[in-house]
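Source file: run23.cif. Holds: mmCIF, C-alpha atoms.
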```
data_final
#
loop_
_atom_site.group_PDB
_atom_site.id
_atom_site.type_symbol
_atom_site.label_atom_id
_atom_site.label_comp_id
_atom_site.auth_asym_id
_atom_site.auth_seq_id
_atom_site.Cartn_x
_atom_site.Cartn_y
_atom_site.Cartn_z
ATOM 1 C CA MET A 1 12.968 -12.256 15.490
ATOM 2 C CA LYS A 2 14.485 -8.801 15.815
ATOM 3 C CA ALA A 3 13.146 -6.681 13.021
ATOM 4 C CA LEU A 4 13.549 -3.226 11.521
ATOM 5 C CA VAL A 5 10.433 -1.672 9.999
ATOM 6 C CA THR A 6 10.969 1.287 7.681
ATOM 7 C CA GLY A 7 8.085 3.729 7.594
ATOM 8 C CA ALA A 8 7.104 2.427 11.019
ATOM 9 C CA ASN A 9 4.727 5.304 11.753
ATOM 10 C CA GLY A 10 2.800 4.875 8.489
ATOM 11 C CA PHE A 11 -0.459 3.045 7.869
ATOM 12 C CA THR A 12 0.991 -0.360 6.956
ATOM 13 C CA GLY A 13 4.164 0.081 9.002
ATOM 14 C CA SER A 14 2.357 0.835 12.272
ATOM 15 C CA HIS A 15 0.037 -2.159 11.896
ATOM 16 C CA LEU A 16 3.087 -4.307 11.181
ATOM 17 C CA VAL A 17 4.898 -3.039 14.282
ATOM 18 C CA LYS A 18 1.900 -3.893 16.458
ATOM 19 C CA ALA A 19 1.546 -7.360 14.930
ATOM 20 C CA LEU A 20 5.249 -8.097 15.421
ATOM 21 C CA GLU A 21 5.126 -6.945 19.051
ATOM 22 C CA ARG A 22 2.035 -9.055 19.769
ATOM 23 C CA GLU A 23 4.038 -12.090 18.649
ATOM 24 C CA GLY A 24 6.839 -11.229 21.074
ATOM 25 C CA ASN A 25 9.359 -9.890 18.538
ATOM 26 C CA ARG A 26 11.768 -7.067 19.254
ATOM 27 C CA VAL A 27 11.205 -4.199 16.835
ATOM 28 C CA LYS A 28 13.098 -1.153 15.650
ATOM 29 C CA GLY A 29 11.333 1.474 13.574
ATOM 30 C CA LEU A 30 12.853 3.954 11.147
ATOM 31 C CA VAL A 31 10.980 7.271 11.256
ATOM 32 C CA ARG A 32 11.763 10.851 10.289
ATOM 33 C CA SER A 33 12.399 13.426 12.994
ATOM 34 C CA SER A 34 9.259 15.252 11.817
ATOM 35 C CA SER A 35 7.059 12.133 11.768
ATOM 36 C CA ASN A 36 3.702 11.990 13.527
ATOM 37 C CA LEU A 37 4.140 9.097 15.962
ATOM 38 C CA SER A 38 0.542 8.902 17.196
ATOM 39 C CA ARG A 39 -0.002 5.519 15.505
ATOM 40 C CA LEU A 40 2.845 4.105 17.633
ATOM 41 C CA ALA A 41 1.704 5.554 20.958
ATOM 42 C CA ALA A 42 1.058 2.161 22.582
ATOM 43 C CA CYS A 43 4.115 0.438 21.094
ATOM 44 C CA ASN A 44 7.446 -0.420 22.722
ATOM 45 C CA LEU A 45 9.690 -0.318 19.653
ATOM 46 C CA GLU A 46 13.105 1.328 19.510
ATOM 47 C CA LEU A 47 12.890 4.381 17.279
ATOM 48 C CA ILE A 48 15.651 5.197 14.811
ATOM 49 C CA TYR A 49 15.418 8.723 13.400
ATOM 50 C CA GLY A 50 16.496 9.456 9.861
ATOM 51 C CA GLU A 51 15.490 9.783 6.224
ATOM 52 C CA ILE A 52 14.989 6.617 4.192
ATOM 53 C CA THR A 53 18.022 7.559 2.063
ATOM 54 C CA GLU A 54 20.367 8.079 5.046
ATOM 55 C CA ARG A 55 22.752 5.116 5.155
ATOM 56 C CA ALA A 56 23.999 5.936 8.670
ATOM 57 C CA ALA A 57 20.475 5.766 10.105
ATOM 58 C CA LEU A 58 19.782 2.565 8.195
ATOM 59 C CA LYS A 59 23.011 0.996 9.474
ATOM 60 C CA GLU A 60 22.027 1.857 13.042
ATOM 61 C CA GLY A 61 18.555 0.462 12.414
ATOM 62 C CA MET A 62 19.930 -2.819 11.075
ATOM 63 C CA ARG A 63 22.482 -3.290 13.849
ATOM 64 C CA ASP A 64 21.707 -6.613 15.629
ATOM 65 C CA VAL A 65 18.663 -7.128 13.368
ATOM 66 C CA ASP A 66 17.903 -10.300 11.417
ATOM 67 C CA THR A 67 14.850 -9.200 9.412
ATOM 68 C CA VAL A 68 14.003 -5.983 7.565
ATOM 69 C CA PHE A 69 10.485 -5.009 6.527
ATOM 70 C CA HIS A 70 10.613 -2.154 4.011
ATOM 71 C CA THR A 71 7.231 -0.418 3.996
ATOM 72 C CA ALA A 72 8.283 3.230 3.656
ATOM 73 C CA ALA A 73 6.862 4.816 0.494
ATOM 74 C CA TYR A 74 5.456 8.015 -0.950
ATOM 75 C CA VAL A 75 1.946 6.983 -2.043
ATOM 76 C CA GLU A 76 -0.130 9.526 -3.965
ATOM 77 C CA LEU A 77 -1.774 10.131 -7.327
ATOM 78 C CA GLY A 78 -2.382 13.352 -9.191
ATOM 79 C CA LEU A 79 -0.227 16.464 -8.874
ATOM 80 C CA VAL A 80 2.701 15.212 -6.809
ATOM 81 C CA ASN A 81 6.322 16.143 -6.163
ATOM 82 C CA GLU A 82 7.887 13.661 -8.587
ATOM 83 C CA GLU A 83 11.451 14.349 -7.447
ATOM 84 C CA GLU A 84 10.549 13.631 -3.841
ATOM 85 C CA MET A 85 8.604 10.525 -4.856
ATOM 86 C CA GLU A 86 11.620 9.213 -6.746
ATOM 87 C CA ARG A 87 13.899 10.002 -3.802
ATOM 88 C CA VAL A 88 11.712 8.061 -1.373
ATOM 89 C CA ASN A 89 10.470 5.191 -3.529
ATOM 90 C CA VAL A 90 13.517 4.530 -5.699
ATOM 91 C CA GLU A 91 16.588 5.960 -3.984
ATOM 92 C CA GLY A 92 15.221 5.066 -0.559
ATOM 93 C CA THR A 93 14.732 1.461 -1.640
ATOM 94 C CA ARG A 94 18.228 1.439 -3.136
ATOM 95 C CA ALA A 95 19.665 2.617 0.185
ATOM 96 C CA VAL A 96 17.752 -0.020 2.180
ATOM 97 C CA LEU A 97 18.938 -2.758 -0.195
ATOM 98 C CA GLU A 98 22.583 -1.628 -0.073
ATOM 99 C CA VAL A 99 22.693 -1.485 3.714
ATOM 100 C CA ALA A 100 20.780 -4.767 4.120
ATOM 101 C CA GLN A 101 23.231 -6.499 1.799
ATOM 102 C CA ALA A 102 26.243 -5.113 3.685
ATOM 103 C CA ALA A 103 24.687 -6.050 7.041
ATOM 104 C CA ARG A 104 24.068 -9.627 5.847
ATOM 105 C CA ILE A 105 20.402 -9.450 6.806
ATOM 106 C CA GLU A 106 18.855 -12.930 7.008
ATOM 107 C CA LYS A 107 15.554 -11.930 5.348
ATOM 108 C CA MET A 108 14.096 -8.771 3.861
ATOM 109 C CA VAL A 109 10.409 -8.327 3.027
ATOM 110 C CA TYR A 110 9.592 -5.541 0.578
ATOM 111 C CA CYS A 111 6.096 -4.064 0.395
ATOM 112 C CA SER A 112 5.539 -3.474 -3.317
ATOM 113 C CA THR A 113 2.172 -3.113 -5.103
ATOM 114 C CA ILE A 114 0.107 -4.936 -7.726
ATOM 115 C CA GLY A 115 0.611 -1.771 -9.778
ATOM 116 C CA VAL A 116 4.068 -3.011 -10.834
ATOM 117 C CA PHE A 117 2.306 -5.411 -13.214
ATOM 118 C CA GLY A 118 0.807 -2.491 -15.135
ATOM 119 C CA ASP A 119 -2.591 -2.479 -16.800
ATOM 120 C CA SER A 120 -3.749 -6.091 -17.194
ATOM 121 C CA ARG A 121 -6.691 -4.906 -19.356
ATOM 122 C CA GLY A 122 -9.205 -6.898 -17.368
ATOM 123 C CA GLU A 123 -7.213 -10.163 -17.375
ATOM 124 C CA VAL A 124 -6.905 -11.816 -13.962
ATOM 125 C CA ILE A 125 -3.166 -12.286 -13.447
ATOM 126 C CA ASP A 126 -0.838 -14.017 -11.011
ATOM 127 C CA GLU A 127 2.802 -13.545 -10.045
ATOM 128 C CA THR A 128 4.056 -14.990 -13.355
ATOM 129 C CA PHE A 129 2.544 -12.145 -15.394
ATOM 130 C CA GLN A 130 5.012 -9.993 -17.318
ATOM 131 C CA ARG A 131 4.140 -6.324 -17.573
ATOM 132 C CA GLN A 132 2.706 -5.453 -20.993
ATOM 133 C CA GLN A 133 2.115 -1.749 -20.449
ATOM 134 C CA ALA A 134 5.084 0.066 -21.991
ATOM 135 C CA ASP A 135 4.475 3.475 -20.426
ATOM 136 C CA PHE A 136 3.530 4.465 -16.886
ATOM 137 C CA SER A 137 0.201 5.681 -15.566
ATOM 138 C CA SER A 138 1.670 7.940 -12.877
ATOM 139 C CA ALA A 139 4.841 8.914 -11.055
ATOM 140 C CA TYR A 140 3.833 6.412 -8.375
ATOM 141 C CA ASP A 141 3.468 3.669 -10.992
ATOM 142 C CA ARG A 142 6.901 4.469 -12.416
ATOM 143 C CA THR A 143 8.785 4.786 -9.139
ATOM 144 C CA LYS A 144 7.341 1.628 -7.591
ATOM 145 C CA TYR A 145 8.157 -0.295 -10.782
ATOM 146 C CA GLN A 146 11.738 1.007 -10.705
ATOM 147 C CA ALA A 147 12.018 0.098 -7.024
ATOM 148 C CA GLN A 148 10.791 -3.426 -7.762
ATOM 149 C CA GLN A 149 13.439 -3.765 -10.474
ATOM 150 C CA LEU A 150 16.089 -2.832 -7.911
ATOM 151 C CA VAL A 151 14.728 -5.366 -5.412
ATOM 152 C CA ASP A 152 14.805 -8.125 -8.013
ATOM 153 C CA GLU A 153 18.354 -7.198 -9.051
ATOM 154 C CA TYR A 154 19.654 -7.327 -5.475
ATOM 155 C CA CYS A 155 17.938 -10.668 -5.043
ATOM 156 C CA ARG A 156 19.829 -12.000 -8.061
ATOM 157 C CA GLN A 157 23.003 -10.782 -6.354
ATOM 158 C CA GLY A 158 22.184 -12.906 -3.312
ATOM 159 C CA LEU A 159 20.161 -10.689 -0.983
ATOM 160 C CA PRO A 160 17.403 -12.865 0.591
ATOM 161 C CA VAL A 161 14.481 -10.569 -0.220
ATOM 162 C CA VAL A 162 10.796 -11.391 -0.747
ATOM 163 C CA SER A 163 8.321 -9.058 -2.462
ATOM 164 C CA ILE A 164 4.727 -8.600 -1.335
ATOM 165 C CA MET A 165 2.309 -7.093 -3.882
ATOM 166 C CA PRO A 166 -0.828 -5.911 -2.074
ATOM 167 C CA ALA A 167 -4.042 -4.833 -3.729
ATOM 168 C CA GLY A 168 -5.867 -1.796 -2.317
ATOM 169 C CA ILE A 169 -5.049 -1.690 1.393
ATOM 170 C CA LEU A 170 -8.000 -0.829 3.627
ATOM 171 C CA GLY A 171 -8.517 -0.437 7.357
ATOM 172 C CA PRO A 172 -10.396 1.756 9.826
ATOM 173 C CA ASP A 173 -7.450 4.217 9.839
ATOM 174 C CA ASP A 174 -6.674 4.094 6.096
ATOM 175 C CA PRO A 175 -5.337 7.557 5.136
ATOM 176 C CA HIS A 176 -6.044 7.193 1.408
ATOM 177 C CA PHE A 177 -9.506 5.798 0.648
ATOM 178 C CA GLY A 178 -10.487 5.948 4.307
ATOM 179 C CA PRO A 179 -11.595 9.613 4.255
ATOM 180 C CA VAL A 180 -13.936 8.798 1.331
ATOM 181 C CA ILE A 181 -15.447 5.886 3.261
ATOM 182 C CA GLU A 182 -15.805 8.102 6.333
ATOM 183 C CA LEU A 183 -17.685 10.731 4.321
ATOM 184 C CA PHE A 184 -19.956 8.005 2.973
ATOM 185 C CA LEU A 185 -20.655 6.564 6.425
ATOM 186 C CA GLN A 186 -21.471 10.069 7.671
ATOM 187 C CA GLY A 187 -23.954 10.459 4.814
ATOM 188 C CA LYS A 188 -21.938 13.349 3.375
ATOM 189 C CA LEU A 189 -20.741 11.690 0.163
ATOM 190 C CA LYS A 190 -23.431 12.692 -2.294
ATOM 191 C CA LEU A 191 -21.599 12.189 -5.602
ATOM 192 C CA TRP A 192 -19.139 9.586 -6.897
ATOM 193 C CA VAL A 193 -17.529 8.448 -10.140
ATOM 194 C CA GLY A 194 -16.595 5.119 -11.736
ATOM 195 C CA GLY A 195 -19.048 2.790 -10.021
ATOM 196 C CA ASP A 196 -18.122 -0.049 -12.400
ATOM 197 C CA ARG A 197 -14.415 0.105 -11.604
ATOM 198 C CA LEU A 198 -13.158 -3.210 -10.276
ATOM 199 C CA THR A 199 -10.655 -3.057 -7.461
ATOM 200 C CA GLY A 200 -8.916 -5.687 -5.380
ATOM 201 C CA ILE A 201 -8.763 -5.054 -1.639
ATOM 202 C CA ILE A 202 -6.959 -6.382 1.403
ATOM 203 C CA HIS A 203 -7.362 -5.559 5.092
ATOM 204 C CA VAL A 204 -4.170 -3.993 6.427
ATOM 205 C CA ASP A 205 -4.029 -6.477 9.316
ATOM 206 C CA ASP A 206 -4.236 -9.397 6.891
ATOM 207 C CA LEU A 207 -1.489 -7.827 4.785
ATOM 208 C CA VAL A 208 0.909 -7.591 7.719
ATOM 209 C CA LYS A 209 0.113 -11.189 8.714
ATOM 210 C CA GLY A 210 1.096 -12.174 5.199
ATOM 211 C CA MET A 211 4.326 -10.196 5.438
ATOM 212 C CA ILE A 212 5.257 -11.918 8.692
ATOM 213 C CA LEU A 213 4.456 -15.312 7.166
ATOM 214 C CA ALA A 214 6.637 -14.450 4.179
ATOM 215 C CA ALA A 215 9.526 -13.559 6.483
ATOM 216 C CA ALA A 216 9.219 -16.932 8.215
ATOM 217 C CA LYS A 217 8.352 -19.266 5.352
ATOM 218 C CA SER A 218 9.156 -17.838 1.945
ATOM 219 C CA GLN A 219 12.154 -18.639 -0.185
ATOM 220 C CA PRO A 220 14.218 -15.615 -1.292
ATOM 221 C CA GLY A 221 13.133 -14.106 -4.575
ATOM 222 C CA GLU A 222 9.481 -15.022 -4.308
ATOM 223 C CA HIS A 223 6.704 -12.603 -5.202
ATOM 224 C CA TYR A 224 3.330 -12.827 -3.464
ATOM 225 C CA ILE A 225 0.176 -11.023 -4.521
ATOM 226 C CA MET A 226 -2.024 -10.321 -1.517
ATOM 227 C CA SER A 227 -5.692 -9.680 -2.227
ATOM 228 C CA ALA A 228 -8.831 -10.920 -0.489
ATOM 229 C CA GLY A 229 -10.856 -10.523 -3.678
ATOM 230 C CA GLU A 230 -12.278 -7.806 -5.855
ATOM 231 C CA LEU A 231 -15.476 -5.832 -6.217
ATOM 232 C CA THR A 232 -16.721 -2.737 -7.992
ATOM 233 C CA ILE A 233 -16.860 0.621 -6.281
ATOM 234 C CA ARG A 234 -20.652 0.443 -6.511
ATOM 235 C CA GLU A 235 -20.622 -2.956 -4.781
ATOM 236 C CA MET A 236 -18.337 -1.561 -2.095
ATOM 237 C CA PHE A 237 -20.705 1.270 -1.289
ATOM 238 C CA SER A 238 -23.643 -1.149 -1.390
ATOM 239 C CA LEU A 239 -22.003 -3.416 1.188
ATOM 240 C CA LEU A 240 -21.117 -0.450 3.375
ATOM 241 C CA GLY A 241 -24.683 0.804 3.006
ATOM 242 C CA GLU A 242 -26.107 -2.540 4.069
ATOM 243 C CA GLU A 243 -24.070 -2.303 7.273
ATOM 244 C CA THR A 244 -25.214 1.215 8.102
ATOM 245 C CA GLY A 245 -28.362 2.035 6.138
ATOM 246 C CA VAL A 246 -26.606 4.889 4.334
ATOM 247 C CA LYS A 247 -27.873 5.533 0.805
ATOM 248 C CA LEU A 248 -25.550 5.143 -2.183
ATOM 249 C CA PRO A 249 -24.097 8.357 -3.633
ATOM 250 C CA VAL A 250 -25.267 9.511 -7.048
ATOM 251 C CA GLU A 251 -22.851 8.490 -9.793
ATOM 252 C CA ILE A 252 -21.582 11.228 -12.108
ATOM 253 C CA PRO A 253 -21.603 10.192 -15.808
ATOM 254 C CA GLU A 254 -18.173 9.348 -17.217
ATOM 255 C CA PHE A 255 -18.144 12.146 -19.784
ATOM 256 C CA LEU A 256 -18.840 14.728 -17.092
ATOM 257 C CA ALA A 257 -16.202 13.261 -14.769
ATOM 258 C CA ARG A 258 -13.613 13.546 -17.545
ATOM 259 C CA ILE A 259 -14.544 17.179 -18.162
ATOM 260 C CA VAL A 260 -14.250 17.978 -14.447
ATOM 261 C CA GLY A 261 -10.860 16.222 -14.275
ATOM 262 C CA ASN A 262 -9.571 18.243 -17.218
ATOM 263 C CA ILE A 263 -10.732 21.481 -15.584
ATOM 264 C CA LEU A 264 -9.377 20.783 -12.090
ATOM 265 C CA ASP A 265 -5.865 19.762 -13.180
ATOM 266 C CA PRO A 266 -4.725 23.212 -14.418
ATOM 267 C CA ILE A 267 -6.427 24.876 -11.444
ATOM 268 C CA GLY A 268 -4.495 22.572 -9.137
ATOM 269 C CA ARG A 269 -1.204 23.458 -10.817
ATOM 270 C CA ILE A 270 -1.874 27.165 -10.422
ATOM 271 C CA LEU A 271 -2.890 26.864 -6.770
ATOM 272 C CA ALA A 272 -0.335 24.144 -5.836
ATOM 273 C CA TRP A 273 -3.300 21.964 -4.874
ATOM 274 C CA ASN A 274 -3.811 18.264 -5.610
ATOM 275 C CA PRO A 275 -7.500 18.060 -6.601
ATOM 276 C CA PRO A 276 -9.571 15.025 -5.576
ATOM 277 C CA LEU A 277 -10.379 14.446 -9.244
ATOM 278 C CA GLY A 278 -7.851 15.079 -12.010
ATOM 279 C CA LYS A 279 -6.614 13.520 -15.258
ATOM 280 C CA GLU A 280 -4.477 10.919 -13.491
ATOM 281 C CA ARG A 281 -7.226 9.740 -11.164
ATOM 282 C CA ILE A 282 -9.677 9.641 -14.086
ATOM 283 C CA HIS A 283 -7.202 7.425 -15.934
ATOM 284 C CA TYR A 284 -7.013 5.013 -13.000
ATOM 285 C CA ILE A 285 -10.797 4.944 -12.654
ATOM 286 C CA TYR A 286 -11.824 4.464 -16.285
ATOM 287 C CA ASP A 287 -8.797 3.415 -18.347
ATOM 288 C CA ARG A 288 -6.620 1.148 -16.195
ATOM 289 C CA CYS A 289 -7.633 -2.204 -14.726
ATOM 290 C CA VAL A 290 -5.317 -4.522 -12.766
ATOM 291 C CA ARG A 291 -7.047 -7.730 -11.707
ATOM 292 C CA VAL A 292 -5.149 -10.234 -9.583
ATOM 293 C CA ASN A 293 -5.275 -13.725 -8.098
ATOM 294 C CA GLY A 294 -3.872 -13.955 -4.574
ATOM 295 C CA SER A 295 -4.089 -17.730 -4.156
ATOM 296 C CA LYS A 296 -0.321 -18.356 -4.210
ATOM 297 C CA ALA A 297 0.154 -16.760 -0.789
ATOM 298 C CA CYS A 298 -2.702 -18.866 0.606
ATOM 299 C CA ARG A 299 -1.287 -22.021 -0.909
ATOM 300 C CA GLU A 300 2.402 -21.575 -0.075
ATOM 301 C CA LEU A 301 2.349 -19.497 3.117
ATOM 302 C CA GLY A 302 -0.867 -20.697 4.728
ATOM 303 C CA TRP A 303 -2.180 -17.142 4.540
ATOM 304 C CA GLN A 304 -5.884 -16.825 5.344
ATOM 305 C CA PRO A 305 -7.236 -13.302 4.733
ATOM 306 C CA ARG A 306 -10.729 -12.321 5.811
ATOM 307 C CA SER A 307 -13.306 -11.983 3.028
ATOM 308 C CA VAL A 308 -14.091 -8.775 1.168
ATOM 309 C CA ALA A 309 -17.378 -8.456 3.080
ATOM 310 C CA ALA A 310 -15.653 -9.036 6.430
ATOM 311 C CA THR A 311 -12.993 -6.456 5.547
ATOM 312 C CA LEU A 312 -15.637 -3.800 4.884
ATOM 313 C CA ALA A 313 -17.615 -4.789 8.004
ATOM 314 C CA ASP A 314 -14.484 -4.318 10.116
ATOM 315 C CA ILE A 315 -13.971 -0.849 8.660
ATOM 316 C CA VAL A 316 -17.534 0.090 9.598
ATOM 317 C CA ASP A 317 -17.078 -1.310 13.114
ATOM 318 C CA GLY A 318 -13.818 0.578 13.552
ATOM 319 C CA TRP A 319 -15.331 3.836 12.340
ATOM 320 C CA LEU A 320 -18.379 3.430 14.616
ATOM 321 C CA MET A 321 -16.104 2.839 17.621
ATOM 322 C CA VAL A 322 -14.145 6.017 16.934
ATOM 323 C CA ASP A 323 -17.239 8.064 16.012
ATOM 324 C CA GLY A 324 -19.172 6.788 18.995
#
```
As structure tokens - that is how I would like this structure written.
Amino acid sequence: MKALVTGANGFTGSHLVKALEREGNRVKGLVRSSSNLSRLAACNLELIYGEITERAALKEGMRDVDTVFHTAAYVELGLVNEEEMERVNVEGTRAVLEVAQAARIEKMVYCSTIGVFGDSRGEVIDETFQRQQADFSSAYDRTKYQAQQLVDEYCRQGLPVVSIMPAGILGPDDPHFGPVIELFLQGKLKLWVGGDRLTGIIHVDDLVKGMILAAAKSQPGEHYIMSAGELTIREMFSLLGEETGVKLPVEIPEFLARIVGNILDPIGRILAWNPPLGKERIHYIYDRCVRVNGSKACRELGWQPRSVAATLADIVDGWLMVDG
């Protein structure tokens, strides 16, 4: 396989590049000229510099390539630059699809999210579920849903594209929830909110294995949820605590968390600061619940993710190696 990975320097993209290289594949990676390339320091990929919306860079990236993995995305909640998020997540995906179609790419794998299904209101859903939520919970929710609609439309036009819908992606170098876990493991996380919130998780290395399997085995047009299982935030901290002996943080009552979120949002707008707790994050913690079943990928692709407990244990091991 000769593959192009968009967002190659990102969390998922860099793990995918490494996995592809370990299997002996030739890899190109699309990155911005300003990108931090430290995650790719030990890799041998060919770098293509350009924005995700630049067709010329994409054409160069897809030259002599048979497979495209589209992982580039703007992932954030709260006070975000919505125009930039739409440019990256929607218009960037449109550009990748257009160029892949023109280049007659043999297979494209798109990294979507379980968020495209919307709030399942506690129901455990699979890939057949049709979104019931009429509005959107965030700019990220909206732009990833719009991008998925584009992917599905290009598939109907004949582009051989497969969509991967991961749950919460974790790993020792996770840039999103990782800093929270690091604070906890250091014993510095004293307060938390939403201990009862259920969340599905998947180790980043298991996700990229699933993406590679999808490229090799999946029929065009398929959707695959990828989740190792779910647990509450309280259970997550308990498992991490069992590994390290760190005590659980004190949980802030819901009513107080909502008050704090309402206060921090306007402050963040004034200071151009995205607070760690705002209205949007409160909504995701207390009001929105997407529960998923990832068995289709196991059944059809032979995907075998590590367990939830093993995923968390690996994060602890990785953090201890770096910290030590």
Applied to this file, what does the PyMOL selection byres ((chain A and resi 164-166) around 7) return in terms of residues, put as a list of chain:residue names? A:Tyr110, A:Cys111, A:Ser112, A:Thr113, A:Ile114, A:Val162, A:Ser163, A:Ala167, A:Gly168, A:Ile169, A:Met211, A:His223, A:Tyr224, A:Ile225, A:Met226, A:Ser227
Write out as a ChimeraX atom specification the residues lying within 10 Å of Gln130 of chain A, counting only C-alpha atoms and excluding same-chain residues fewer than 3 positions away. /A:116-118,120,125-127,133
Write out as a PyMOL selection string each polymer residue whose atoms come within 8 Å of segment 88-91 of chain A, counting all atoms listed in the file; drop sequence neighbours fewer than 5 positions from it. chain A and resi 52-53+72-74+143-144+146-147
Could the residues in this selection be written to a file with C-alpha atoms, as a PDB file, in the frame of the given file?
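This is the output file out.pdb:
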```pdb
ATOM      1  CA  ILE A  52      14.989   6.617   4.192  1.00  0.00           C
ATOM      2  CA  THR A  53      18.022   7.559   2.063  1.00  0.00           C
ATOM      3  CA  ALA A  72       8.283   3.230   3.656  1.00  0.00           C
ATOM      4  CA  ALA A  73       6.862   4.816   0.494  1.00  0.00           C
ATOM      5  CA  TYR A  74       5.456   8.015  -0.950  1.00  0.00           C
ATOM      6  CA  THR A 143       8.785   4.786  -9.139  1.00  0.00           C
ATOM      7  CA  LYS A 144       7.341   1.628  -7.591  1.00  0.00           C
ATOM      8  CA  GLN A 146      11.738   1.007 -10.705  1.00  0.00           C
ATOM      9  CA  ALA A 147      12.018   0.098  -7.024  1.00  0.00           C
TER      10      ALA A 147
END
```
Can you tell me which residues surround Val193 of chain A at a distance of at most 7 Å, considering all atoms listed in the file, apart from same-chain residues fewer than 5 positions away, and format the answer as a PyMOL selection string? chain A and resi 251-252+257
With a cut-off of 12 Å, could you pull out the residues of segment 163-244 of chain A touching segment 8-32 of chain A and give me the nearest pair of atoms for each, distance in Å to one decimal, using all atoms listed in the file, ordered by chain and ascending number, as a Markdown table?
```
| residue | atom | partner | partner_atom | distance |
| --- | --- | --- | --- | --- |
| A:Pro166 | CA | A:Thr12 | CA | 10.8 |
| A:Gly168 | CA | A:Thr12 | CA | 11.6 |
| A:Ile169 | CA | A:Thr12 | CA | 8.3 |
| A:Leu170 | CA | A:Phe11 | CA | 9.5 |
| A:Gly171 | CA | A:Phe11 | CA | 8.8 |
| A:Pro172 | CA | A:Phe11 | CA | 10.2 |
| A:Asp173 | CA | A:Phe11 | CA | 7.4 |
| A:Asp174 | CA | A:Phe11 | CA | 6.5 |
| A:Pro175 | CA | A:Phe11 | CA | 7.2 |
| A:His176 | CA | A:Phe11 | CA | 9.5 |
| A:Phe177 | CA | A:Phe11 | CA | 11.9 |
| A:Gly178 | CA | A:Phe11 | CA | 11.0 |
| A:Ile202 | CA | A:Thr12 | CA | 11.4 |
| A:His203 | CA | A:Thr12 | CA | 10.0 |
| A:Val204 | CA | A:Thr12 | CA | 6.3 |
| A:Asp205 | CA | A:His15 | CA | 6.5 |
| A:Asp206 | CA | A:His15 | CA | 9.8 |
| A:Leu207 | CA | A:Thr12 | CA | 8.2 |
| A:Val208 | CA | A:Leu16 | CA | 5.2 |
| A:Lys209 | CA | A:Ala19 | CA | 7.4 |
| A:Gly210 | CA | A:Leu16 | CA | 10.1 |
| A:Met211 | CA | A:Leu16 | CA | 8.3 |
| A:Ile212 | CA | A:Leu20 | CA | 7.7 |
| A:Leu213 | CA | A:Leu20 | CA | 11.0 |
| A:Ala215 | CA | A:Leu20 | CA | 11.3 |
```
Rank nothing, just name the residue among A:Ala103, A:Gly194, A:Pro276, A:Leu183 nearest to Phe255 of chain A, using all atoms listed in the file.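 Checking each of A:Ala103, A:Gly194, A:Pro276, A:Leu183 against Phe255 of chain A, counting all atoms listed in the file, the winner is A:Gly194.
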Set the distance at 10 Å and use all atoms listed in the file: which residues neighbour Gly241 of chain A once local chain neighbours fewer than 4 positions away are removed? I'd like the list as a ChimeraX atom specification. /A:184-185,187,235-237,245-248,316
d(atom CA of Gly261 of chain A, atom CA of Pro275 of chain A) in Å: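 Rounded to one decimal, the two atoms are 8.6 Å apart.
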